[in-house]
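Report on the following structure.
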Amino acid sequence: MGNSATPHPKSQNQKSAPGSFLIEGGYPLRGSIPVSTSKNSTLALMGASLLIPGSVRLKNVPDILDIHMMADVLQAVGATVLMENRDLLIQMNQKRRKPEDLNYRVSRRLRASILVLGSLIGRFGQAVVSRPGGCAIGTRPIDYHLKGLQQLGAEIQEKHGYIYARVSGPLKGARIHLEFPSVGATENLIMAGVLAEGQTVIENAAQEPEIRDLCDFLNRAGARIQGGGTSLIRIEGVTQLNPLEYQPIPDRIEAGTYLIAGAITAGDVFIQGARADHLSAVLEKLSEAGCLIQIAPPPQPGIHLCRTGSVKPLHIKTLSYPGFPTDIQPPMMSLLSLAEGKSTIVESVFERRFTQVDELARMGARIKVERDTAVIDGVTALTGAAVEAPDIRAGASLILAALAATGTSQIHGLPHIQRGYEKMEEKLSSLGARISHLP
């Protein structure tokens with residue numbers, strides 16, 4: 001990235017996407033690395049930026065594929081997206097808005113592309129978007145998004161894989177009860193509600209830190225939102241939002257992944273800037289597994305993890321926040337593959353989130369899956385193998401397994417991993433990992 005503002009470039013990760021990681025296992029990770037800015041929060045804030053006349057600056061955004069794909073989405077619906085150093089500048093002007101389709105070619109690659117729907121219908125009164133794509137970890141229906149928008153007054157039609165949404169005049173505030181606390185639906189309905197007439201109430205809202213960050217961002221821009229990060233969100237509609245600069249929260253999933261990397265290698269790591277209050281369920285389980293956890297307060301906050309003894313077995317069930325996060329389940333499975341005893345993981349969020357199991361088995365893991373439950377019989381050691389990353393978090397789990405394995409592993413499918421982890425090779429190398437990128 002250059003020092004001056006330029007049209008959003010292809011990331012360095014995109015340039016190096018082909019190839020594989022070669023990892024020589026058996027080296028404890030030691031040292032300190034900074035946590036990146038949250039991928040999931042940044043994606044939502046990019047969608048919300050379409051609500052704001054003038055320029056929005058999102059500071060220190062991660063240089064990963066998902067961010068660049070979302071920039072493609074914003075440009076496809078008429079926004080200007082520029083990169084200045086590590087800041088993302090977004091401008092969506094009323095004069096430049098045209099009723100363009102968000103076509104399948106752009107949106108099929110990224111689940112978060114649906115997050116422009118609430119902004120477009122809320123500000124412009126119309127939107128045409130393709131049904132989104134993303135990792136194949138479950139059906140992840142968008143029915144909750146569409147039902148909520150209809151309650152706000154939007155007319156929704158679905159034809160040939162596209163969603164057509166329109167409203168005559170402004171949206172009208174309403175009381176919406178979500179059958180499931182969907183993060184994406186909560187985000188879309190917040191975006192739609194900020195410019196709606198009257199009050200919008202979202203019951204059974206998702207409580208993830210990324211939801212709180214979205215509400216903080218919009219409130220800084222002039223919205224009137226109460227209850228962000230709780231199950232009950234109240235929004236008083238305003239007529240216009242204002243330009244702003246904003247720093248999104250740290251990436252709790254990346255932080256959790258690197259903490260588990262320290263645990264699986266019997267290492268000693270400090271994740272600079274990681275927020276313990278966003279990772280309570282993960283830290284509790286890592287402590288139960290035999291890790292020593294210490295929380296560093298400001299002005300140099302972060303989380304320190306050390307493991308010197310054996311890995312103790314765990315029983316985990318993934319849940320909506322503040323429960324154990326589904327995105328941390330695959331890396332945690334790799335750790336439990338080396339536990340002394342039998343562990344179980346119940347995946348209650350996505351129905352196809354055990355995509356890493358067959359690849360871990362190639363490395364010697366003993367895992368049986370029946371419906372939503374995985375039973376992991378710990379082994380004394382994993383062995384290096386050639387494996388394929390099927391999605392972002394499963395790919396991270398394979399990298400962690402390779403770091404602890406005896407011998408050398410080759411991890412294929414880097415584009416999946418590079419969608420969600422910034423400079424993973426560089427960060428792991430700085431902690432002492434023997435990892436290289438093969439063309």
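A note on labels: chains of the structure tokens are A, B, ... as shown, every chain counts residues from 1, and ligands are counted from 1 in their shown order.
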
Backbone-only DSSP, helix (DSSP H, G or I) members of range 123-191 of chain A, as a ChimeraX atom specification: /A:123-124,143-151,183-191

Near Glu210 in chain A, counting only C-alpha atoms, which residues have an atom at most 10 Å away, once you skip same-chain residues fewer than 6 positions from it, shown as a list in words?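 With the cut-off at 10 Å, the set is Ser38, Lys39, Asn40, Ser41, Thr42, Leu43, Ala44, Leu45, Val183, Glu187, Asp216, Gly228, Gly229, Pro248, Ile249, Pro250, Asp251, Arg252 and His278 of chain A.
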
Using C-alpha atoms, can you export the residues from the last selection as a PDB file, in the first residue's frame?
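Output contents, as saved in out.pdb:
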```pdb
ATOM      1  CA  SER A  38     -11.362  -7.330  13.429  1.00  0.00           C
ATOM      2  CA  LYS A  39     -12.236  -8.743  10.010  1.00  0.00           C
ATOM      3  CA  ASN A  40     -15.894  -9.293  10.855  1.00  0.00           C
ATOM      4  CA  SER A  41     -16.355  -5.869  12.397  1.00  0.00           C
ATOM      5  CA  THR A  42     -14.629  -4.100   9.502  1.00  0.00           C
ATOM      6  CA  LEU A  43     -16.872  -5.871   6.980  1.00  0.00           C
ATOM      7  CA  ALA A  44     -20.003  -4.690   8.800  1.00  0.00           C
ATOM      8  CA  LEU A  45     -18.679  -1.131   9.096  1.00  0.00           C
ATOM      9  CA  VAL A 183     -25.319 -11.617  13.654  1.00  0.00           C
ATOM     10  CA  GLU A 187     -26.444  -5.888  11.600  1.00  0.00           C
ATOM     11  CA  ASP A 216     -20.717   2.638  18.425  1.00  0.00           C
ATOM     12  CA  GLY A 228     -25.796  -2.470  21.218  1.00  0.00           C
ATOM     13  CA  GLY A 229     -24.200  -5.698  22.431  1.00  0.00           C
ATOM     14  CA  PRO A 248     -12.712  -0.969  14.634  1.00  0.00           C
ATOM     15  CA  ILE A 249     -12.149  -3.373  17.519  1.00  0.00           C
ATOM     16  CA  PRO A 250      -9.378  -6.020  17.624  1.00  0.00           C
ATOM     17  CA  ASP A 251     -10.007  -9.381  15.991  1.00  0.00           C
ATOM     18  CA  ARG A 252     -11.050 -11.769  18.754  1.00  0.00           C
ATOM     19  CA  HIS A 278     -14.284 -10.487  24.101  1.00  0.00           C
TER      20      HIS A 278
END
```

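Excluding His416 in chain A itself and any same-chain residue fewer than 2 positions from it, the protein and nucleic acid residues within 8 Å of it, counting only C-alpha atoms, are Ala389, Pro390, Asp391, Ile392, Gly395, Gly413, Leu414, Gln418, Arg419 and Gly420 of chain A.
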